[in-house]
Amino acid sequence: MSWSPEQKMQFLFHLRQKGVTNPRTLGAMEKVDRGLFVKGHFEDRAYDDMPLPIASGQTISQPSVVGLMTQALNVQPRDKVLEVGTGSGYQAAILSHLARRVYTVDRHRRLTRESEKLFESLGLHNITVISGDGSFGLPEQAPFDRIIVTAAAEDPPGPLLAQLKDGGIMVLPVGQSDAVQSLIKVTKTPDGLDYEELCPVRFVPLIEGLGSE
């Protein structure tokens, strides 16, 4: 399934309504057809602003939240980005149009395999997909200019903060998995960490270890 010009126009209009106004973010989201990342029963809902189930009990986030997270991350063309939680691959595909290099990690091998195939077919060669426990980051590739976490932790994980460059930005949901979570932007400054709360969200919890498949 691929989107029509009308669907694309409506999709972008809705993103703007929800506060996604950064031209580079909108440009990247216009290049990535969400329909390619939604399979099975929910294909006809691919352009709705709602999270949808994907394999391994995970979800693809709603487009407006992806847009707000991407906008807050403020990725620059030379940046090296770490994404924790590949999921469907949709967020990494958008980041690949904004960054020099994207490393994405997921604990579910099935999701990393499927995402890798999809990135290959889309010619997105600046994404490296890794099966592993993303809560520890990727020390061998650190430091990162930007880090994005697509699963909720009670606090920003220490290993990830340690792998963020000075002046770097991390965007992640924080809070108890069964209660209200907040989307947080953390900026690493010479004086310490600067926290900004963006909006309430709901994400799957960040879990240590590898998934069952």
# chains A, B, ... in the order shown; residues from 1 in each chain; ligands from 1

call {"tool": "select_by_dssp", "arguments": {"residues": "segment 44-187 of chain A", "states": "helix (DSSP H, G or I)", "output": "number ranges by chain"}}
result
A: 44-45, 55-57, 63-73, 90-96, 109-121, 134-136, 139-141, 158-162

call {"tool": "write_last_selection", "arguments": {"atoms": "C-alpha atoms", "output": "compact mmCIF listing (two decimals), in the first residue's frame"}}
result
# COMPACT_ATOMS: atom_id res chain seq x y z
CA ASP A 44 -6.16 0.85 6.13
CA ARG A 45 -5.47 2.88 9.30
CA ALA A 55 4.69 -7.81 15.60
CA SER A 56 6.25 -8.96 18.91
CA GLY A 57 3.57 -7.20 20.99
CA PRO A 63 2.56 10.10 13.62
CA SER A 64 2.05 13.32 15.60
CA VAL A 65 4.13 11.92 18.51
CA VAL A 66 6.84 10.76 16.07
CA GLY A 67 6.79 14.28 14.61
CA LEU A 68 7.01 16.01 17.99
CA MET A 69 9.86 13.74 19.12
CA THR A 70 11.75 14.29 15.86
CA GLN A 71 11.20 18.05 16.05
CA ALA A 72 12.44 18.18 19.67
CA LEU A 73 15.52 16.13 18.75
CA TYR A 90 9.32 4.13 10.89
CA GLN A 91 11.10 6.54 13.25
CA ALA A 92 14.58 5.43 12.08
CA ALA A 93 13.56 5.91 8.43
CA ILE A 94 12.53 9.51 9.18
CA LEU A 95 15.77 10.16 11.09
CA SER A 96 17.80 8.78 8.17
CA ARG A 109 15.17 -9.94 16.47
CA ARG A 110 12.08 -10.32 14.30
CA LEU A 111 11.60 -6.54 14.25
CA THR A 112 15.25 -5.79 13.49
CA ARG A 113 15.26 -8.34 10.63
CA GLU A 114 12.10 -6.93 9.06
CA SER A 115 13.25 -3.32 9.47
CA GLU A 116 16.62 -4.08 7.91
CA LYS A 117 14.94 -5.57 4.82
CA LEU A 118 12.64 -2.57 4.52
CA PHE A 119 15.48 -0.03 4.85
CA GLU A 120 17.40 -1.94 2.16
CA SER A 121 14.42 -1.86 -0.20
CA GLY A 134 19.20 -0.83 23.93
CA SER A 135 18.88 0.24 27.57
CA PHE A 136 22.70 0.07 27.72
CA PRO A 139 29.22 2.13 23.98
CA GLU A 140 31.38 1.12 21.01
CA GLN A 141 29.76 3.81 18.81
CA GLY A 158 22.35 6.50 33.02
CA PRO A 159 24.27 4.57 30.31
CA LEU A 160 22.44 6.56 27.61
CA LEU A 161 23.12 9.91 29.27
CA ALA A 162 26.81 8.94 29.51

call {"tool": "residues_around", "arguments": {"residues": "His41 of chain A", "least_positions_apart": "5", "cutoff": "12 Å", "atoms": "only C-alpha atoms", "output": "ChimeraX atom specification"}}
result
/A:46,52-55

call {"tool": "closest_residue", "arguments": {"among": "A:Arg107, A:Arg101, A:Lys165, A:His14", "to": "Ala151 of chain A", "atoms": "only C-alpha atoms"}}
result
A:Arg107

call {"tool": "residues_around", "arguments": {"residues": "Glu30 of chain A", "least_positions_apart": "4", "cutoff": "10 Å", "atoms": "only C-alpha atoms", "output": "ChimeraX atom specification"}}
result
/A:8-9,11-12,24-26,34,94

call {"tool": "select_by_dssp", "arguments": {"residues": "segment 31-185 of chain A", "states": "strand (DSSP E or B)", "output": "JSON, numbers by chain"}}
result
{"A": [52, 53, 59, 60, 80, 81, 82, 83, 84, 101, 102, 103, 104, 105, 106, 127, 128, 129, 130, 131, 144, 145, 146, 147, 148, 149, 152, 153, 164, 165, 166, 167, 168, 169, 170, 171, 172, 173, 174, 181, 182, 183, 184, 185]}

call {"tool": "write_last_selection", "arguments": {"atoms": "N, CA and C atoms", "output": "tab-separated table (two decimals), in the first residue's frame"}}
result
chain	number	residue	atom	x	y	z
A	52	LEU	N	-0.52	1.92	16.34
A	52	LEU	CA	-1.10	0.68	15.83
A	52	LEU	C	-0.23	-0.50	16.25
A	53	PRO	N	-0.85	-1.69	16.46
A	53	PRO	CA	-0.06	-2.86	16.85
A	53	PRO	C	0.83	-3.33	15.70
A	59	THR	N	4.24	-1.59	19.26
A	59	THR	CA	3.36	-0.68	18.51
A	59	THR	C	4.20	0.25	17.63
A	60	ILE	N	3.55	0.76	16.58
A	60	ILE	CA	4.12	1.87	15.82
A	60	ILE	C	3.47	3.13	16.39
A	80	LYS	N	25.25	12.07	14.40
A	80	LYS	CA	25.17	10.61	14.58
A	80	LYS	C	24.10	10.38	15.65
A	81	VAL	N	23.09	9.59	15.30
A	81	VAL	CA	21.91	9.42	16.16
A	81	VAL	C	21.78	7.97	16.61
A	82	LEU	N	21.43	7.78	17.89
A	82	LEU	CA	21.10	6.46	18.41
A	82	LEU	C	19.60	6.42	18.69
A	83	GLU	N	18.94	5.38	18.16
A	83	GLU	CA	17.54	5.15	18.51
A	83	GLU	C	17.45	3.85	19.30
A	84	VAL	N	16.82	3.92	20.46
A	84	VAL	CA	16.58	2.73	21.28
A	84	VAL	C	15.12	2.32	21.09
A	101	ARG	N	24.17	9.60	10.19
A	101	ARG	CA	24.19	8.17	10.48
A	101	ARG	C	23.19	7.88	11.59
A	102	VAL	N	22.42	6.80	11.44
A	102	VAL	CA	21.46	6.38	12.47
A	102	VAL	C	21.79	4.95	12.90
A	103	TYR	N	21.96	4.76	14.21
A	103	TYR	CA	22.10	3.42	14.79
A	103	TYR	C	20.80	3.13	15.52
A	104	THR	N	20.16	2.01	15.20
A	104	THR	CA	18.90	1.69	15.88
A	104	THR	C	18.99	0.28	16.47
A	105	VAL	N	18.56	0.15	17.72
A	105	VAL	CA	18.70	-1.10	18.48
A	105	VAL	C	17.33	-1.57	18.95
A	106	ASP	N	17.07	-2.87	18.83
A	106	ASP	CA	15.81	-3.42	19.36
A	106	ASP	C	16.08	-4.79	19.95
A	127	ILE	N	21.49	3.72	7.82
A	127	ILE	CA	20.93	3.15	9.06
A	127	ILE	C	21.63	1.83	9.37
A	128	THR	N	22.13	1.68	10.61
A	128	THR	CA	22.69	0.41	11.07
A	128	THR	C	21.71	-0.16	12.10
A	129	VAL	N	21.24	-1.38	11.84
A	129	VAL	CA	20.24	-2.02	12.72
A	129	VAL	C	20.94	-3.07	13.57
A	130	ILE	N	20.67	-3.05	14.87
A	130	ILE	CA	21.34	-3.96	15.80
A	130	ILE	C	20.31	-4.64	16.70
A	131	SER	N	20.42	-5.97	16.83
A	131	SER	CA	19.59	-6.70	17.80
A	131	SER	C	20.33	-6.68	19.13
A	144	PHE	N	27.15	10.04	21.01
A	144	PHE	CA	26.14	10.38	20.00
A	144	PHE	C	25.73	11.85	20.14
A	145	ASP	N	25.43	12.46	19.00
A	145	ASP	CA	24.93	13.84	19.01
A	145	ASP	C	23.48	13.88	19.51
A	146	ARG	N	22.73	12.84	19.16
A	146	ARG	CA	21.32	12.78	19.52
A	146	ARG	C	20.97	11.34	19.91
A	147	ILE	N	20.09	11.20	20.92
A	147	ILE	CA	19.58	9.88	21.31
A	147	ILE	C	18.06	9.99	21.45
A	148	ILE	N	17.36	9.03	20.86
A	148	ILE	CA	15.90	9.00	20.99
A	148	ILE	C	15.51	7.62	21.52
A	149	VAL	N	14.63	7.60	22.50
A	149	VAL	CA	14.18	6.34	23.11
A	149	VAL	C	12.68	6.23	22.88
A	152	ALA	N	9.23	3.70	27.41
A	152	ALA	CA	9.25	4.54	28.62
A	152	ALA	C	10.08	3.93	29.74
A	153	ALA	N	10.96	4.76	30.31
A	153	ALA	CA	11.73	4.38	31.50
A	153	ALA	C	11.25	5.25	32.66
A	164	LEU	N	25.87	10.46	25.55
A	164	LEU	CA	25.44	11.67	24.84
A	164	LEU	C	26.58	12.69	24.85
A	165	LYS	N	26.86	13.26	23.69
A	165	LYS	CA	27.92	14.29	23.59
A	165	LYS	C	27.56	15.52	24.38
A	166	ASP	N	28.54	16.30	24.78
A	166	ASP	CA	28.25	17.62	25.34
A	166	ASP	C	27.54	18.44	24.28
A	167	GLY	N	26.45	19.09	24.69
A	167	GLY	CA	25.63	19.84	23.73
A	167	GLY	C	24.61	18.96	23.04
A	168	GLY	N	24.65	17.64	23.34
A	168	GLY	CA	23.73	16.70	22.70
A	168	GLY	C	22.34	16.74	23.31
A	169	ILE	N	21.39	16.15	22.59
A	169	ILE	CA	19.98	16.14	23.01
A	169	ILE	C	19.47	14.71	23.04
A	170	MET	N	18.73	14.38	24.10
A	170	MET	CA	18.03	13.09	24.17
A	170	MET	C	16.55	13.35	24.37
A	171	VAL	N	15.71	12.64	23.62
A	171	VAL	CA	14.26	12.77	23.76
A	171	VAL	C	13.72	11.39	24.11
A	172	LEU	N	12.90	11.32	25.17
A	172	LEU	CA	12.36	10.03	25.60
A	172	LEU	C	11.12	10.22	26.46
A	173	PRO	N	10.25	9.18	26.49
A	173	PRO	CA	9.13	9.20	27.43
A	173	PRO	C	9.62	8.73	28.80
A	174	VAL	N	9.15	9.38	29.86
A	174	VAL	CA	9.56	9.02	31.21
A	174	VAL	C	8.30	8.86	32.07
A	181	GLN	N	2.76	9.18	31.33
A	181	GLN	CA	4.18	9.39	31.03
A	181	GLN	C	4.32	10.78	30.41
A	182	SER	N	5.51	11.34	30.53
A	182	SER	CA	5.79	12.63	29.90
A	182	SER	C	6.90	12.46	28.89
A	183	LEU	N	6.76	13.17	27.78
A	183	LEU	CA	7.84	13.23	26.82
A	183	LEU	C	8.82	14.29	27.30
A	184	ILE	N	10.09	13.89	27.45
A	184	ILE	CA	11.11	14.77	28.04
A	184	ILE	C	12.21	15.03	27.02
A	185	LYS	N	12.68	16.25	26.98
A	185	LYS	CA	13.87	16.59	26.19
A	185	LYS	C	15.00	16.91	27.17
